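Have a look at the structure below before the remarks.
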Amino acid sequence: MTPLVFINTIKPYAQASALSDGWPLAALVAVPALETGWGSLLVRDGVRTNNLFNIKGEGPAGSVFVEAYEWLPQSEWDRYKTQGVSFTFTGRRSGNRLEGRIAHRYRCYFDFTESYADFSRLLRSQPRYSPVRHAADPFVFCAALQTCGFATDPDYTRKLHDILRRRVLPVLG
């Protein structure tokens with residue numbers, strides 16, 4: 001799916017979420033664009049997940065087991081190792097974090113409305129996301145997501161800001 005098709009596909013759902021939550025529409029489009037690779041990662045192992053935010057766990061429509069990249073401190077990788085969880089290192093390092101591939105369960109939803117509602121619930125239920133909830137600017141919202149621990153990629157904010165500037169804001173205005 002092209003970026004323009006993706007934006008136009010999720011825009012009504014993002015608008016509904018922006019209206020009900022008071023969060024910036026552009027951010028509610030940019031985050032799913034990055035998380036799903038412009039929609040290319042919505043189907044995992046032949047299952048349509050409708051998981052626009054790559055939220056882990058069991059969803060209303062079940063879950064899929066997917067290997068993904070994580071940037072974690074050595075202590076967290078050690079914890080996974082003691083639990084018998086299999087992972088591989090890529091050899092990349094950023095500060096005290098090492099990049100690795102590890103499999104997690106990711107939630108499946110019946111539709112995009114459920115995905116946006118679950119993202120909203122996650123941000124509202126966890127105290128650590130307070131800075132995100134109070135961000136009216138899409139760039140601040142996206143930066144706060146990383147600061148609050150939503151993503152482990154050290155380049156997450158830069159990638160989201162690039163998507164906002166180059167793809168989302170020119171379409172949404």
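By order in the structure tokens, chains are A, B, ...; within a chain, residues start at 1; ligands start at 1, following the order shown.
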**Message:** List the spatial neighbours of range 62-79 of chain A as a ChimeraX atom specification - criterion: any atom at most 6 Å away, only C-alpha atoms, same-chain residues fewer than 4 positions off excluded.
**Reply:** /A:58,96-108,152-153
Generate the output file for the selected residues, N, CA and C atoms, as an mmCIF file, in the first residue's frame.
data_model
loop_
_atom_site.group_PDB
_atom_site.id
_atom_site.type_symbol
_atom_site.label_atom_id
_atom_site.label_comp_id
_atom_site.auth_asym_id
_atom_site.auth_seq_id
_atom_site.Cartn_x
_atom_site.Cartn_y
_atom_site.Cartn_z
ATOM 1 N N GLU A 58 -2.631 -10.343 24.050
ATOM 2 C CA GLU A 58 -3.810 -11.013 23.479
ATOM 3 C C GLU A 58 -4.866 -9.956 23.201
ATOM 4 N N ASN A 96 23.393 2.265 26.010
ATOM 5 C CA ASN A 96 23.422 1.029 26.794
ATOM 6 C C ASN A 96 22.476 -0.037 26.246
ATOM 7 N N ARG A 97 21.958 0.178 25.058
ATOM 8 C CA ARG A 97 20.986 -0.766 24.489
ATOM 9 C C ARG A 97 21.602 -1.572 23.347
ATOM 10 N N LEU A 98 21.200 -2.832 23.291
ATOM 11 C CA LEU A 98 21.610 -3.735 22.227
ATOM 12 C C LEU A 98 20.387 -4.099 21.403
ATOM 13 N N GLU A 99 20.565 -4.187 20.095
ATOM 14 C CA GLU A 99 19.448 -4.578 19.236
ATOM 15 C C GLU A 99 19.440 -6.092 19.086
ATOM 16 N N GLY A 100 18.246 -6.648 19.182
ATOM 17 C CA GLY A 100 18.080 -8.078 18.982
ATOM 18 C C GLY A 100 16.733 -8.382 18.362
ATOM 19 N N ARG A 101 16.589 -9.614 17.906
ATOM 20 C CA ARG A 101 15.307 -10.088 17.377
ATOM 21 C C ARG A 101 14.747 -11.083 18.376
ATOM 22 N N ILE A 102 13.491 -10.862 18.720
ATOM 23 C CA ILE A 102 12.828 -11.707 19.705
ATOM 24 C C ILE A 102 11.360 -11.842 19.315
ATOM 25 N N ALA A 103 10.792 -12.989 19.586
ATOM 26 C CA ALA A 103 9.383 -13.224 19.244
ATOM 27 C C ALA A 103 8.483 -12.827 20.411
ATOM 28 N N HIS A 104 7.402 -12.161 20.079
ATOM 29 C CA HIS A 104 6.382 -11.759 21.055
ATOM 30 C C HIS A 104 5.008 -12.075 20.478
ATOM 31 N N ARG A 105 4.024 -12.155 21.348
ATOM 32 C CA ARG A 105 2.625 -12.229 20.908
ATOM 33 C C ARG A 105 2.135 -10.809 20.665
ATOM 34 N N TYR A 106 1.511 -10.588 19.534
ATOM 35 C CA TYR A 106 0.937 -9.286 19.199
ATOM 36 C C TYR A 106 -0.567 -9.429 19.075
ATOM 37 N N ARG A 107 -1.270 -8.431 19.592
ATOM 38 C CA ARG A 107 -2.732 -8.455 19.611
ATOM 39 C C ARG A 107 -3.321 -8.409 18.209
ATOM 40 N N CYS A 108 -4.443 -9.083 18.053
ATOM 41 C CA CYS A 108 -5.238 -9.002 16.835
ATOM 42 C C CYS A 108 -6.565 -8.331 17.183
ATOM 43 N N THR A 152 11.233 0.872 21.737
ATOM 44 C CA THR A 152 12.613 0.700 22.185
ATOM 45 C C THR A 152 13.632 1.197 21.172
ATOM 46 N N ASP A 153 13.220 1.441 19.930
ATOM 47 C CA ASP A 153 14.133 1.902 18.879
ATOM 48 C C ASP A 153 14.664 3.294 19.235
#
**Prompt:** Leaving out Thr147 in chain A and any residue of its chain fewer than 4 positions from it, which residues lie within 10 Å of it when counting only C-alpha atoms, given as a list of chain:residue names?
**Reply:**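 Result of the neighbour search: A:Arg128, A:Tyr129, A:Pro131, A:Val132, A:Phe141, A:Cys142, A:Ala143, A:Ala151, A:Thr152, A:Pro154, A:Tyr156, A:Thr157.
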**Request:** Within 7 Å of range 17-23 of chain A, counting only C-alpha atoms, which residues show up once you throw out same-chain ones fewer than 3 positions away? Write them as a ChimeraX atom specification, please.
**Result:** /A:13-14,116,136
**Prompt:** If you run DSSP on this backbone, which residues of chain A come out as strand (DSSP E or B), and could you give them as a PyMOL selection string?
**Reply:** chain A and resi 43-44+47-48+56+59+62-73+87-94+97-107
May I have the residues within 12 Å of Thr36 in chain A as a PDB file with N, CA and C atoms, in the first residue's frame, using only C-alpha atoms and disregarding those fewer than 2 positions away in the same chain?
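Wrote result_29.pdb, looks like this:
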ATOM      1  N   MET A   1       0.865  -1.167   0.000  1.00  0.00           N
ATOM      2  CA  MET A   1       0.000   0.000   0.000  1.00  0.00           C
ATOM      3  C   MET A   1       0.913   1.232   0.000  1.00  0.00           C
ATOM      4  N   PRO A   3       1.985   5.195   0.741  1.00  0.00           N
ATOM      5  CA  PRO A   3       1.713   6.067   1.878  1.00  0.00           C
ATOM      6  C   PRO A   3       0.390   6.826   1.742  1.00  0.00           C
ATOM      7  N   PHE A   6      -2.491   4.469   2.369  1.00  0.00           N
ATOM      8  CA  PHE A   6      -2.528   4.141   3.789  1.00  0.00           C
ATOM      9  C   PHE A   6      -3.141   5.286   4.594  1.00  0.00           C
ATOM     10  N   ILE A   7      -2.663   6.496   4.354  1.00  0.00           N
ATOM     11  CA  ILE A   7      -3.184   7.668   5.070  1.00  0.00           C
ATOM     12  C   ILE A   7      -4.687   7.790   4.867  1.00  0.00           C
ATOM     13  N   ILE A  10      -6.667   4.950   6.843  1.00  0.00           N
ATOM     14  CA  ILE A  10      -6.819   5.033   8.306  1.00  0.00           C
ATOM     15  C   ILE A  10      -7.294   6.394   8.786  1.00  0.00           C
ATOM     16  N   VAL A  29      -1.821   9.273  12.763  1.00  0.00           N
ATOM     17  CA  VAL A  29      -1.586   8.687  11.444  1.00  0.00           C
ATOM     18  C   VAL A  29      -0.126   8.252  11.333  1.00  0.00           C
ATOM     19  N   ALA A  30       0.785   9.072  11.836  1.00  0.00           N
ATOM     20  CA  ALA A  30       2.220   8.783  11.704  1.00  0.00           C
ATOM     21  C   ALA A  30       2.640   7.535  12.471  1.00  0.00           C
ATOM     22  N   VAL A  31       2.132   7.368  13.676  1.00  0.00           N
ATOM     23  CA  VAL A  31       2.540   6.213  14.485  1.00  0.00           C
ATOM     24  C   VAL A  31       2.162   4.897  13.792  1.00  0.00           C
ATOM     25  N   PRO A  32       0.909   4.721  13.341  1.00  0.00           N
ATOM     26  CA  PRO A  32       0.595   3.485  12.623  1.00  0.00           C
ATOM     27  C   PRO A  32       1.390   3.329  11.313  1.00  0.00           C
ATOM     28  N   ALA A  33       1.703   4.443  10.664  1.00  0.00           N
ATOM     29  CA  ALA A  33       2.500   4.349   9.430  1.00  0.00           C
ATOM     30  C   ALA A  33       3.843   3.696   9.725  1.00  0.00           C
ATOM     31  N   LEU A  34       4.494   4.155  10.789  1.00  0.00           N
ATOM     32  CA  LEU A  34       5.791   3.576  11.157  1.00  0.00           C
ATOM     33  C   LEU A  34       5.628   2.160  11.693  1.00  0.00           C
ATOM     34  N   TRP A  38       3.615   1.337   6.671  1.00  0.00           N
ATOM     35  CA  TRP A  38       2.577   1.822   5.747  1.00  0.00           C
ATOM     36  C   TRP A  38       1.587   0.713   5.402  1.00  0.00           C
ATOM     37  N   GLY A  39       1.258  -0.106   6.389  1.00  0.00           N
ATOM     38  CA  GLY A  39       0.245  -1.144   6.211  1.00  0.00           C
ATOM     39  C   GLY A  39       0.782  -2.498   5.790  1.00  0.00           C
ATOM     40  N   SER A  40       2.062  -2.571   5.447  1.00  0.00           N
ATOM     41  CA  SER A  40       2.611  -3.837   4.943  1.00  0.00           C
ATOM     42  C   SER A  40       2.727  -4.912   6.025  1.00  0.00           C
ATOM     43  N   LEU A  41       2.687  -4.529   7.297  1.00  0.00           N
ATOM     44  CA  LEU A  41       2.830  -5.497   8.384  1.00  0.00           C
ATOM     45  C   LEU A  41       1.512  -5.803   9.089  1.00  0.00           C
ATOM     46  N   LEU A  42       0.401  -5.471   8.447  1.00  0.00           N
ATOM     47  CA  LEU A  42      -0.903  -5.755   9.055  1.00  0.00           C
ATOM     48  C   LEU A  42      -1.295  -7.217   8.931  1.00  0.00           C
ATOM     49  N   VAL A  43      -0.623  -7.952   8.047  1.00  0.00           N
ATOM     50  CA  VAL A  43      -0.860  -9.385   7.906  1.00  0.00           C
ATOM     51  C   VAL A  43       0.399 -10.102   8.370  1.00  0.00           C
ATOM     52  N   ARG A  44       0.252 -10.935   9.392  1.00  0.00           N
ATOM     53  CA  ARG A  44       1.377 -11.693   9.956  1.00  0.00           C
ATOM     54  C   ARG A  44       1.018 -13.170   9.943  1.00  0.00           C
ATOM     55  N   ARG A  48      -4.697 -11.431   9.339  1.00  0.00           N
ATOM     56  CA  ARG A  48      -4.852  -9.977   9.348  1.00  0.00           C
ATOM     57  C   ARG A  48      -5.049  -9.544  10.795  1.00  0.00           C
ATOM     58  N   THR A  49      -4.090  -8.762  11.314  1.00  0.00           N
ATOM     59  CA  THR A  49      -4.107  -8.402  12.730  1.00  0.00           C
ATOM     60  C   THR A  49      -4.879  -7.126  13.028  1.00  0.00           C
ATOM     61  N   ASN A  50      -4.941  -6.196  12.076  1.00  0.00           N
ATOM     62  CA  ASN A  50      -5.515  -4.861  12.297  1.00  0.00           C
ATOM     63  C   ASN A  50      -4.840  -4.147  13.470  1.00  0.00           C
ATOM     64  N   ASN A  51      -3.627  -4.570  13.829  1.00  0.00           N
ATOM     65  CA  ASN A  51      -2.885  -3.990  14.952  1.00  0.00           C
ATOM     66  C   ASN A  51      -2.040  -2.835  14.426  1.00  0.00           C
ATOM     67  N   LEU A  52      -2.597  -1.644  14.465  1.00  0.00           N
ATOM     68  CA  LEU A  52      -1.937  -0.459  13.909  1.00  0.00           C
ATOM     69  C   LEU A  52      -0.792   0.055  14.774  1.00  0.00           C
ATOM     70  N   PHE A  53      -0.720  -0.385  16.021  1.00  0.00           N
ATOM     71  CA  PHE A  53       0.269   0.169  16.956  1.00  0.00           C
ATOM     72  C   PHE A  53       1.246  -0.874  17.476  1.00  0.00           C
ATOM     73  N   ASN A  54       1.211  -2.078  16.920  1.00  0.00           N
ATOM     74  CA  ASN A  54       2.095  -3.170  17.351  1.00  0.00           C
ATOM     75  C   ASN A  54       2.044  -3.378  18.860  1.00  0.00           C
ATOM     76  N   ILE A  55       0.845  -3.414  19.397  1.00  0.00           N
ATOM     77  CA  ILE A  55       0.665  -3.630  20.829  1.00  0.00           C
ATOM     78  C   ILE A  55       0.753  -5.135  21.099  1.00  0.00           C
ATOM     79  N   ALA A  68      10.357  -9.757  16.154  1.00  0.00           N
ATOM     80  CA  ALA A  68      10.526  -8.326  15.883  1.00  0.00           C
ATOM     81  C   ALA A  68      11.830  -7.845  16.502  1.00  0.00           C
TER      82      ALA A  68
END
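Shortest separation to Val47 in chain A among A:Gly84, A:Arg158, A:Tyr109, A:Arg167 occurs at residue A:Tyr109, atoms counted being only C-alpha atoms.
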**Atom-to-atom span, CA of Ser115 in chain A and CA of Ala61 in chain A, Å** = 10.7 Å
**Request:** Output as a ChimeraX atom specification all residues of range 51-172 of chain A that backbone DSSP marks as helix (DSSP H, G or I).
**Result:** /A:74-82,112-125,127-133,138-147,156-172
